[in-house]
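File shown: data32.pdb. Contents: PDB, C-alpha atoms.
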```
ATOM      1  CA  MET P  18     137.613   2.869 151.296
ATOM      2  CA  GLU P  19     135.513   5.188 149.138
ATOM      3  CA  LYS P  20     135.899   8.869 149.941
ATOM      4  CA  ARG P  21     132.750  10.211 151.530
ATOM      5  CA  ILE P  22     131.087  13.169 153.204
ATOM      6  CA  LEU P  23     129.158  12.716 156.445
ATOM      7  CA  LEU P  24     126.592  15.497 156.555
ATOM      8  CA  ALA P  25     125.333  16.373 160.020
ATOM      9  CA  SER P  26     121.628  16.941 160.563
ATOM     10  CA  PRO P  27     120.197  19.186 161.850
ATOM     11  CA  ARG P  28     122.414  21.976 160.542
ATOM     12  CA  GLY P  29     122.152  25.492 159.125
ATOM     13  CA  PHE P  30     119.427  28.074 159.626
ATOM     14  CA  CYS P  31     117.378  27.864 162.803
ATOM     15  CA  MET P  32     113.814  29.156 163.041
ATOM     16  CA  GLY P  33     114.982  32.343 164.755
ATOM     17  CA  VAL P  34     117.283  33.233 161.842
ATOM     18  CA  GLU P  35     114.643  32.299 159.267
ATOM     19  CA  ARG P  36     112.193  34.541 161.101
ATOM     20  CA  ALA P  37     114.625  37.484 161.137
ATOM     21  CA  VAL P  38     115.370  37.109 157.415
ATOM     22  CA  ARG P  39     111.662  36.959 156.605
ATOM     23  CA  MET P  40     110.920  40.073 158.677
ATOM     24  CA  LEU P  41     113.640  42.109 156.929
ATOM     25  CA  GLU P  42     112.451  40.942 153.512
ATOM     26  CA  GLU P  43     108.918  42.031 154.398
ATOM     27  CA  ALA P  44     110.141  45.411 155.652
ATOM     28  CA  LEU P  45     112.037  46.035 152.408
ATOM     29  CA  ARG P  46     108.881  45.281 150.398
ATOM     30  CA  ARG P  47     106.563  47.286 152.632
ATOM     31  CA  GLU P  48     108.453  50.463 153.506
ATOM     32  CA  GLN P  49     108.475  53.403 151.114
ATOM     33  CA  GLY P  50     111.737  54.875 152.349
ATOM     34  CA  THR P  51     115.112  53.417 153.269
ATOM     35  CA  VAL P  52     115.224  50.539 155.717
ATOM     36  CA  TYR P  53     118.134  50.779 158.152
ATOM     37  CA  VAL P  54     119.613  47.737 159.903
ATOM     38  CA  ARG P  55     121.400  48.244 163.207
ATOM     39  CA  ARG P  56     124.642  46.275 162.818
ATOM     40  CA  GLU P  57     124.281  42.723 161.437
ATOM     41  CA  LEU P  58     120.866  41.111 161.209
ATOM     42  CA  VAL P  59     122.617  37.749 161.697
ATOM     43  CA  HIS P  60     126.253  36.632 161.385
ATOM     44  CA  ASN P  61     126.269  36.096 157.624
ATOM     45  CA  ALA P  62     128.240  38.555 155.470
ATOM     46  CA  ALA P  63     126.928  37.207 152.142
ATOM     47  CA  LEU P  64     123.335  37.511 153.313
ATOM     48  CA  MET P  65     123.891  41.070 154.518
ATOM     49  CA  GLU P  66     125.456  41.978 151.161
ATOM     50  CA  ARG P  67     122.322  40.675 149.431
ATOM     51  CA  PHE P  68     120.094  42.801 151.635
ATOM     52  CA  GLN P  69     122.265  45.855 151.005
ATOM     53  CA  SER P  70     121.905  45.266 147.249
ATOM     54  CA  LEU P  71     118.133  45.372 147.809
ATOM     55  CA  GLY P  72     118.392  48.776 149.488
ATOM     56  CA  ALA P  73     118.992  48.063 153.173
ATOM     57  CA  VAL P  74     121.503  50.386 154.864
ATOM     58  CA  VAL P  75     123.583  49.058 157.752
ATOM     59  CA  VAL P  76     124.297  51.495 160.576
ATOM     60  CA  ARG P  77     126.162  51.050 163.830
ATOM     61  CA  GLU P  78     123.726  52.939 166.062
ATOM     62  CA  VAL P  79     120.164  54.243 165.867
ATOM     63  CA  ASP P  80     121.505  57.807 166.080
ATOM     64  CA  GLN P  81     122.527  57.388 162.415
ATOM     65  CA  VAL P  82     118.935  56.748 161.330
ATOM     66  CA  PRO P  83     117.009  59.882 160.235
ATOM     67  CA  PRO P  84     114.220  60.867 162.657
ATOM     68  CA  GLY P  85     111.030  59.031 161.770
ATOM     69  CA  GLY P  86     112.889  56.392 159.752
ATOM     70  CA  THR P  87     112.631  52.622 159.916
ATOM     71  CA  VAL P  88     115.243  50.617 161.818
ATOM     72  CA  VAL P  89     115.603  46.850 162.102
ATOM     73  CA  PHE P  90     116.987  45.334 165.293
ATOM     74  CA  SER P  91     119.033  42.158 164.852
ATOM     75  CA  ALA P  92     118.092  38.645 165.919
ATOM     76  CA  HIS P  93     120.653  38.975 168.738
ATOM     77  CA  GLY P  94     118.545  41.564 170.561
ATOM     78  CA  VAL P  95     119.370  45.001 171.934
ATOM     79  CA  ALA P  96     119.644  46.700 175.313
ATOM     80  CA  PRO P  97     116.665  48.720 176.625
ATOM     81  CA  SER P  98     118.717  51.899 176.170
ATOM     82  CA  VAL P  99     118.809  51.271 172.400
ATOM     83  CA  ARG P 100     115.018  50.971 172.317
ATOM     84  CA  GLU P 101     114.738  54.199 174.303
ATOM     85  CA  ARG P 102     116.962  56.085 171.839
ATOM     86  CA  ALA P 103     114.954  54.734 168.923
ATOM     87  CA  GLY P 104     111.745  55.906 170.587
ATOM     88  CA  ALA P 105     113.189  59.355 171.262
ATOM     89  CA  ARG P 106     113.962  59.703 167.533
ATOM     90  CA  GLY P 107     110.482  58.570 166.548
ATOM     91  CA  LEU P 108     111.802  55.567 164.642
ATOM     92  CA  ARG P 109     109.610  52.783 163.341
ATOM     93  CA  VAL P 110     111.155  49.608 164.776
ATOM     94  CA  VAL P 111     111.168  46.184 163.173
ATOM     95  CA  ASP P 112     112.356  43.966 166.016
ATOM     96  CA  THR P 113     113.687  40.603 164.816
ATOM     97  CA  THR P 114     115.054  39.573 168.229
ATOM     98  CA  CYS P 115     114.878  35.804 168.539
ATOM     99  CA  PRO P 116     112.136  34.884 171.046
ATOM    100  CA  LEU P 117     114.609  32.603 172.835
ATOM    101  CA  VAL P 118     116.922  35.581 173.346
ATOM    102  CA  GLU P 119     113.940  37.614 174.518
ATOM    103  CA  LYS P 120     113.399  34.932 177.171
ATOM    104  CA  VAL P 121     116.868  35.621 178.612
ATOM    105  CA  HIS P 122     116.111  39.364 178.630
ATOM    106  CA  ARG P 123     112.903  38.719 180.589
ATOM    107  CA  GLU P 124     114.758  36.522 183.071
ATOM    108  CA  ALA P 125     117.389  39.223 183.613
ATOM    109  CA  ALA P 126     114.735  41.901 184.131
ATOM    110  CA  ARG P 127     112.860  39.720 186.640
ATOM    111  CA  LEU P 128     116.002  38.898 188.611
ATOM    112  CA  ARG P 129     116.945  42.594 188.661
ATOM    113  CA  GLU P 130     113.558  43.489 190.151
ATOM    114  CA  GLU P 131     113.955  40.742 192.766
ATOM    115  CA  GLY P 132     117.327  42.095 193.854
ATOM    116  CA  TYR P 133     119.571  39.300 192.587
ATOM    117  CA  THR P 134     123.155  39.569 191.427
ATOM    118  CA  ILE P 135     123.158  37.954 187.970
ATOM    119  CA  LEU P 136     126.112  35.938 186.699
ATOM    120  CA  LEU P 137     125.799  35.928 182.902
ATOM    121  CA  ILE P 138     127.847  33.224 181.182
ATOM    122  CA  GLY P 139     128.720  34.530 177.751
ATOM    123  CA  GLU P 140     131.226  35.712 175.210
ATOM    124  CA  PRO P 141     132.645  39.180 175.960
ATOM    125  CA  GLY P 142     131.723  41.639 173.214
ATOM    126  CA  HIS P 143     129.028  39.478 171.638
ATOM    127  CA  LYS P 144     125.926  41.471 170.642
ATOM    128  CA  GLU P 145     123.568  39.144 172.473
ATOM    129  CA  VAL P 146     125.589  39.533 175.674
ATOM    130  CA  GLU P 147     125.661  43.319 175.325
ATOM    131  CA  GLY P 148     121.891  43.376 174.949
ATOM    132  CA  VAL P 149     121.181  41.193 177.979
ATOM    133  CA  MET P 150     123.667  43.087 180.152
ATOM    134  CA  GLY P 151     121.791  46.252 179.269
ATOM    135  CA  GLU P 152     118.783  44.942 181.208
ATOM    136  CA  ALA P 153     120.636  45.309 184.514
ATOM    137  CA  PRO P 154     124.095  46.818 184.036
ATOM    138  CA  GLU P 155     124.460  47.481 187.743
ATOM    139  CA  ARG P 156     123.581  43.901 188.718
ATOM    140  CA  ILE P 157     125.042  41.677 185.974
ATOM    141  CA  ARG P 158     128.567  40.294 186.085
ATOM    142  CA  LEU P 159     129.939  38.606 182.984
ATOM    143  CA  ILE P 160     131.455  35.134 183.372
ATOM    144  CA  PRO P 161     133.508  34.358 180.230
ATOM    145  CA  SER P 162     132.122  31.295 178.444
ATOM    146  CA  SER P 163     135.679  30.296 177.535
ATOM    147  CA  GLY P 164     136.398  29.546 181.176
ATOM    148  CA  ALA P 165     139.015  32.305 181.234
ATOM    149  CA  PRO P 166     139.714  33.872 184.638
ATOM    150  CA  CYS P 167     137.734  36.956 185.560
ATOM    151  CA  PRO P 168     139.551  38.452 188.549
ATOM    152  CA  GLY P 169     137.166  39.917 191.097
ATOM    153  CA  CYS P 170     133.993  39.064 189.185
ATOM    154  CA  LEU P 171     132.739  36.818 191.994
ATOM    155  CA  ASP P 172     133.813  39.024 194.893
ATOM    156  CA  GLY P 173     131.358  40.667 197.281
ATOM    157  CA  ILE P 174     128.296  38.682 196.194
ATOM    158  CA  ASP P 175     125.459  37.804 198.572
ATOM    159  CA  GLY P 176     125.333  34.030 198.096
ATOM    160  CA  SER P 177     121.653  33.923 199.056
ATOM    161  CA  ARG P 178     120.631  36.320 196.237
ATOM    162  CA  VAL P 179     122.599  35.195 193.198
ATOM    163  CA  ALA P 180     121.480  33.625 189.931
ATOM    164  CA  TRP P 181     123.064  32.561 186.655
ATOM    165  CA  LEU P 182     121.924  32.994 183.058
ATOM    166  CA  SER P 183     123.677  32.246 179.774
ATOM    167  CA  GLN P 184     124.023  33.315 176.189
ATOM    168  CA  THR P 185     121.882  31.116 173.921
ATOM    169  CA  THR P 186     124.651  29.887 171.587
ATOM    170  CA  LEU P 187     127.275  28.437 173.934
ATOM    171  CA  HIS P 188     129.111  25.125 174.094
ATOM    172  CA  VAL P 189     126.689  22.925 176.059
ATOM    173  CA  ASP P 190     129.287  20.866 177.949
ATOM    174  CA  GLU P 191     131.583  23.807 178.739
ATOM    175  CA  THR P 192     128.645  25.828 180.082
ATOM    176  CA  ALA P 193     127.652  22.897 182.311
ATOM    177  CA  ARG P 194     131.197  22.803 183.729
ATOM    178  CA  ILE P 195     131.108  26.534 184.463
ATOM    179  CA  VAL P 196     127.718  26.214 186.181
ATOM    180  CA  GLU P 197     129.070  23.345 188.283
ATOM    181  CA  GLY P 198     131.898  25.593 189.431
ATOM    182  CA  LEU P 199     129.470  28.400 190.280
ATOM    183  CA  ARG P 200     127.338  25.992 192.331
ATOM    184  CA  LYS P 201     130.389  24.995 194.360
ATOM    185  CA  ARG P 202     131.094  28.663 195.089
ATOM    186  CA  PHE P 203     127.431  29.583 195.685
ATOM    187  CA  PRO P 204     125.399  26.541 196.816
ATOM    188  CA  LEU P 205     122.146  28.547 196.810
ATOM    189  CA  ILE P 206     122.607  29.969 193.291
ATOM    190  CA  GLN P 207     119.437  30.030 191.186
ATOM    191  CA  GLY P 208     119.326  28.987 187.531
ATOM    192  CA  PRO P 209     116.854  29.705 184.731
ATOM    193  CA  PRO P 210     113.618  27.656 184.782
ATOM    194  CA  LYS P 211     114.754  26.121 181.479
ATOM    195  CA  SER P 212     118.223  26.117 179.908
ATOM    196  CA  ASP P 213     119.042  29.382 178.127
ATOM    197  CA  ILE P 214     121.092  27.582 175.457
ATOM    198  CA  CYS P 215     118.661  27.308 172.563
ATOM    199  CA  TYR P 216     117.348  24.058 171.132
ATOM    200  CA  ALA P 217     118.991  24.679 167.737
ATOM    201  CA  THR P 218     122.438  25.135 169.283
ATOM    202  CA  LYS P 219     122.043  21.956 171.338
ATOM    203  CA  ASN P 220     120.765  19.938 168.375
ATOM    204  CA  ARG P 221     123.572  21.009 166.039
ATOM    205  CA  GLN P 222     126.202  20.215 168.635
ATOM    206  CA  ALA P 223     124.624  16.785 169.233
ATOM    207  CA  ALA P 224     124.615  16.117 165.474
ATOM    208  CA  VAL P 225     128.298  17.029 165.138
ATOM    209  CA  LYS P 226     129.234  14.980 168.197
ATOM    210  CA  SER P 227     127.477  11.898 166.774
ATOM    211  CA  ILE P 228     129.689  11.701 163.658
ATOM    212  CA  ALA P 229     132.929  13.530 164.481
ATOM    213  CA  GLY P 230     134.763  10.386 165.577
ATOM    214  CA  GLU P 231     134.424   8.915 162.086
ATOM    215  CA  CYS P 232     135.930  11.955 160.361
ATOM    216  CA  GLY P 233     139.539  12.619 159.472
ATOM    217  CA  LEU P 234     138.500  16.217 158.821
ATOM    218  CA  PHE P 235     135.440  18.121 160.008
ATOM    219  CA  ILE P 236     134.361  21.325 158.252
ATOM    220  CA  VAL P 237     131.910  23.750 159.831
ATOM    221  CA  VAL P 238     130.492  26.355 157.453
ATOM    222  CA  GLY P 239     129.697  29.782 158.872
ATOM    223  CA  SER P 240     131.025  33.158 159.915
ATOM    224  CA  LYS P 241     134.005  33.585 162.227
ATOM    225  CA  THR P 242     131.888  36.127 164.147
ATOM    226  CA  SER P 243     129.254  33.470 164.852
ATOM    227  CA  SER P 244     129.500  32.039 168.364
ATOM    228  CA  ASN P 245     127.462  28.925 167.619
ATOM    229  CA  THR P 246     129.551  28.174 164.506
ATOM    230  CA  ARG P 247     132.848  28.350 166.381
ATOM    231  CA  ARG P 248     131.383  26.122 169.079
ATOM    232  CA  LEU P 249     130.533  23.459 166.472
ATOM    233  CA  ALA P 250     134.172  23.282 165.388
ATOM    234  CA  GLU P 251     135.236  22.957 169.033
ATOM    235  CA  VAL P 252     132.714  20.166 169.604
ATOM    236  CA  ALA P 253     133.948  18.298 166.508
ATOM    237  CA  ALA P 254     137.547  18.423 167.721
ATOM    238  CA  GLU P 255     136.608  17.316 171.238
ATOM    239  CA  ALA P 256     134.445  14.460 169.880
ATOM    240  CA  GLY P 257     137.314  12.870 167.980
ATOM    241  CA  ALA P 258     137.612  14.443 164.531
ATOM    242  CA  GLY P 259     141.163  14.278 163.169
ATOM    243  CA  ARG P 260     141.017  17.990 162.402
ATOM    244  CA  ALA P 261     138.209  20.523 162.719
ATOM    245  CA  ILE P 262     138.028  23.854 160.904
ATOM    246  CA  ARG P 263     135.556  26.659 160.288
ATOM    247  CA  ILE P 264     135.235  28.289 156.871
ATOM    248  CA  ASP P 265     132.971  30.774 155.103
ATOM    249  CA  GLU P 266     133.628  29.764 151.500
ATOM    250  CA  PRO P 267     135.295  26.860 149.639
ATOM    251  CA  GLU P 268     138.242  29.050 148.574
ATOM    252  CA  GLU P 269     139.518  28.627 152.139
ATOM    253  CA  LEU P 270     140.117  24.924 151.392
ATOM    254  CA  GLU P 271     142.637  25.546 148.611
ATOM    255  CA  ASP P 272     145.765  25.160 150.741
ATOM    256  CA  LEU P 273     144.388  22.381 152.937
ATOM    257  CA  ASN P 274     146.069  18.968 152.836
ATOM    258  CA  PHE P 275     143.448  16.252 152.237
ATOM    259  CA  SER P 276     145.937  13.390 151.986
ATOM    260  CA  GLY P 277     144.832  10.402 154.033
ATOM    261  CA  VAL P 278     141.381  11.867 154.682
ATOM    262  CA  GLU P 279     138.729   9.382 153.603
ATOM    263  CA  THR P 280     135.768  10.843 155.521
ATOM    264  CA  VAL P 281     134.971  14.550 155.771
ATOM    265  CA  GLY P 282     132.295  15.646 158.215
ATOM    266  CA  VAL P 283     130.308  18.756 157.346
ATOM    267  CA  SER P 284     127.893  20.933 159.285
ATOM    268  CA  SER P 285     126.920  24.610 159.318
ATOM    269  CA  GLY P 286     126.034  27.212 161.911
ATOM    270  CA  VAL P 287     122.550  28.597 162.439
ATOM    271  CA  SER P 288     123.319  31.719 160.376
ATOM    272  CA  ALA P 289     124.641  29.813 157.338
ATOM    273  CA  GLY P 290     122.187  29.100 154.528
ATOM    274  CA  GLU P 291     121.999  26.049 152.267
ATOM    275  CA  GLU P 292     123.495  27.929 149.284
ATOM    276  CA  GLN P 293     126.650  28.641 151.287
ATOM    277  CA  LEU P 294     126.834  25.006 152.376
ATOM    278  CA  ASP P 295     126.215  23.730 148.837
ATOM    279  CA  ARG P 296     129.234  25.645 147.531
ATOM    280  CA  VAL P 297     131.454  23.816 150.018
ATOM    281  CA  LEU P 298     129.902  20.425 149.187
ATOM    282  CA  SER P 299     130.455  21.055 145.455
ATOM    283  CA  ASP P 300     134.125  21.801 146.100
ATOM    284  CA  LEU P 301     134.529  18.599 148.128
ATOM    285  CA  LYS P 302     132.896  16.543 145.380
ATOM    286  CA  LYS P 303     135.444  17.904 142.903
ATOM    287  CA  ARG P 304     138.137  16.636 145.294
ATOM    288  CA  GLY P 305     136.734  13.115 145.024
ATOM    289  CA  TYR P 306     134.278  13.050 147.907
ATOM    290  CA  ALA P 307     131.407  11.967 145.705
ATOM    291  CA  ARG P 308     129.407   9.968 148.228
ATOM    292  CA  VAL P 309     127.285  12.056 150.607
ATOM    293  CA  GLU P 310     125.722  10.377 153.616
ATOM    294  CA  GLU P 311     123.383  12.419 155.790
ATOM    295  CA  ARG P 312     123.224  11.445 159.444
ATOM    296  CA  ILE P 313     120.162  12.638 161.349
ATOM    297  CA  ALA P 314     120.907  12.842 165.053
ATOM    298  CA  VAL P 315     117.767  14.718 166.137
ATOM    299  CA  ARG P 316     114.393  15.317 164.506
ATOM    300  CA  GLU P 317     114.257  19.034 165.143
ATOM    301  CA  LYS P 318     111.030  20.567 166.425
ATOM    302  CA  VAL P 319     110.340  24.128 167.472
ATOM    303  CA  PRO P 320     109.782  24.190 171.258
ATOM    304  CA  ALA P 321     106.247  24.296 172.630
ATOM    305  CA  GLY P 322     104.940  27.830 172.249
ATOM    306  CA  GLY P 323     106.834  28.224 168.985
ATOM    307  CA  LEU P 324     108.745  31.266 167.830
TER     308      LEU P 324
END
```

Once you've parsed the file, please lay out its structure as structure tokens.
Amino acid sequence: MEKRILLASPRGFCMGVERAVRMLEEALRREQGTVYVRRELVHNAALMERFQSLGAVVVREVDQVPPGGTVVFSAHGVAPSVRERAGARGLRVVDTTCPLVEKVHREAARLREEGYTILLIGEPGHKEVEGVMGEAPERIRLIPSSGAPCPGCLDGIDGSRVAWLSQTTLHVDETARIVEGLRKRFPLIQGPPKSDICYATKNRQAAVKSIAGECGLFIVVGSKTSSNTRRLAEVAAEAGAGRAIRIDEPEELEDLNFSGVETVGVSSGVSAGEEQLDRVLSDLKKRGYARVEERIAVREKVPAGGL
């Protein structure tokens, strides 16, 4: 059989990431002074290096930005306390928070005002989770998206005033299993009006799932710090790929054994651009995978209301 690449579609940048990149590019053109970026704009080291070469300065906290300066908040969102500190320093804020992340923030704020205990399903330490938890630190309890035990996190909760929310970039099936478990514990638990997991995450997982069973090897391109990218590799393995790995650059394939692999599946996370993906495809073609077949699982559309 001819060696081939099955290319999942949709893949790569989502509209939220494209929007954040565009907003930072505009800020760099518009502002007279230095533009500061709080942490990573998105999980893409090569992209951040490009922005730094154009004059952007990455800082960990807004306290490192000179009073009156310009600061860019990442697409993952920030806690209200970060906005307050930026305001106190008189900073000009360019807020690239994805509107679908903003939706989770609004849900958390509403539930806080209504007196609910909020069970947030998410990845400990992730910037999006930190931002949402900042909306109601006294009322939110983190439920690890990995399914790992969280001793005591469900103790002492009024079962009539409890709700769940989730990070936007989680494994769809695993999140559903966690929610099922929460419903067994709290039959009256409330959920979000519409799933918090974003359309782009769902679509990319569906695309990977649709082809993984045909692949002896599945490669997901994107940063190891990217939650949605790691989830794609997990989905590929669960859906029947012989092996599933995540890489940033083609150099990471040098020591990989391709013997017996006739079909390689390829996708990329929402923070990985086409240039990064193309470098991996070029490497695979040099290894004899000359035929590229794109499989479109979903015709992606931005949800009603747009971004």

Exercise for review: Using the chain letters and numbers from the file, give me the residues hit by the PyMOL selection byres ((chain P and resi 314) around 9), as a PyMOL selection string.
Suggested key: chain P and resi 25-27+220-221+223-225+227-228+312-313+315-316

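Coordinates place CA of Leu58 (chain P) at a distance of 10.7 Å from CA of Lys144 (chain P).
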
Point to revise | Between CA of Gly208 (chain P) and CA of Thr113 (chain P), distance in Å (one decimal) | key: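 Rounded to one decimal, the two atoms are 26.1 Å apart.
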
Exercise for review: Determine the residue set returned by the PyMOL selection byres ((chain P and resi 122) around 12) for the present structure, and present it as an MDAnalysis selection string.
Suggested key: chainID P and resid 93:97 114:121 123:129 135 137 145:153 157 182:185 209 213

C-alpha atoms of the current selection, written as a short mmCIF file (atom, residue, chain, number, x, y, z; two decimals), in the coordinates of the input:
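Contents of result_22.cif, freshly written:
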```
data_model
loop_
_atom_site.label_atom_id
_atom_site.label_comp_id
_atom_site.auth_asym_id
_atom_site.auth_seq_id
_atom_site.Cartn_x
_atom_site.Cartn_y
_atom_site.Cartn_z
CA HIS P 93 120.65 38.98 168.74
CA GLY P 94 118.54 41.56 170.56
CA VAL P 95 119.37 45.00 171.93
CA ALA P 96 119.64 46.70 175.31
CA PRO P 97 116.66 48.72 176.62
CA THR P 114 115.05 39.57 168.23
CA CYS P 115 114.88 35.80 168.54
CA PRO P 116 112.14 34.88 171.05
CA LEU P 117 114.61 32.60 172.84
CA VAL P 118 116.92 35.58 173.35
CA GLU P 119 113.94 37.61 174.52
CA LYS P 120 113.40 34.93 177.17
CA VAL P 121 116.87 35.62 178.61
CA ARG P 123 112.90 38.72 180.59
CA GLU P 124 114.76 36.52 183.07
CA ALA P 125 117.39 39.22 183.61
CA ALA P 126 114.74 41.90 184.13
CA ARG P 127 112.86 39.72 186.64
CA LEU P 128 116.00 38.90 188.61
CA ARG P 129 116.94 42.59 188.66
CA ILE P 135 123.16 37.95 187.97
CA LEU P 137 125.80 35.93 182.90
CA GLU P 145 123.57 39.14 172.47
CA VAL P 146 125.59 39.53 175.67
CA GLU P 147 125.66 43.32 175.32
CA GLY P 148 121.89 43.38 174.95
CA VAL P 149 121.18 41.19 177.98
CA MET P 150 123.67 43.09 180.15
CA GLY P 151 121.79 46.25 179.27
CA GLU P 152 118.78 44.94 181.21
CA ALA P 153 120.64 45.31 184.51
CA ILE P 157 125.04 41.68 185.97
CA LEU P 182 121.92 32.99 183.06
CA SER P 183 123.68 32.25 179.77
CA GLN P 184 124.02 33.32 176.19
CA THR P 185 121.88 31.12 173.92
CA PRO P 209 116.85 29.70 184.73
CA ASP P 213 119.04 29.38 178.13
#
```

Exercise for review: Fewer than 2 positions away in the same chain doesn't count, so skip those; otherwise give me all residues within 8 Å of Val76 (chain P), counting only C-alpha atoms, as a list in words.
Suggested key: Tyr53, Val54, Arg55, Arg56, Val74, Glu78, Val79, Gln81 and Val82 of chain P

Exercise for review: Would you kindly translate the PyMOL selection byres ((chain P and resi 308) around 10) into the concrete residues it picks from this file, as a list of chain:residue names?
Suggested key: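 This file, filtered by the PyMOL selection byres ((chain P and resi 308) around 10), leaves P:Glu19, P:Lys20, P:Arg21, P:Ile22, P:Leu23, P:Thr280, P:Lys302, P:Gly305, P:Tyr306, P:Ala307, P:Val309, P:Glu310, P:Glu311.
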
Exercise for review: Name all residues at most 6 Å from region 99-112 of chain P (count all atoms listed in the file; drop same-chain ones fewer than 4 positions away) and give them as JSON, numbers by chain.
Suggested key: {"P": [84, 85, 86, 87, 88, 89, 90]}
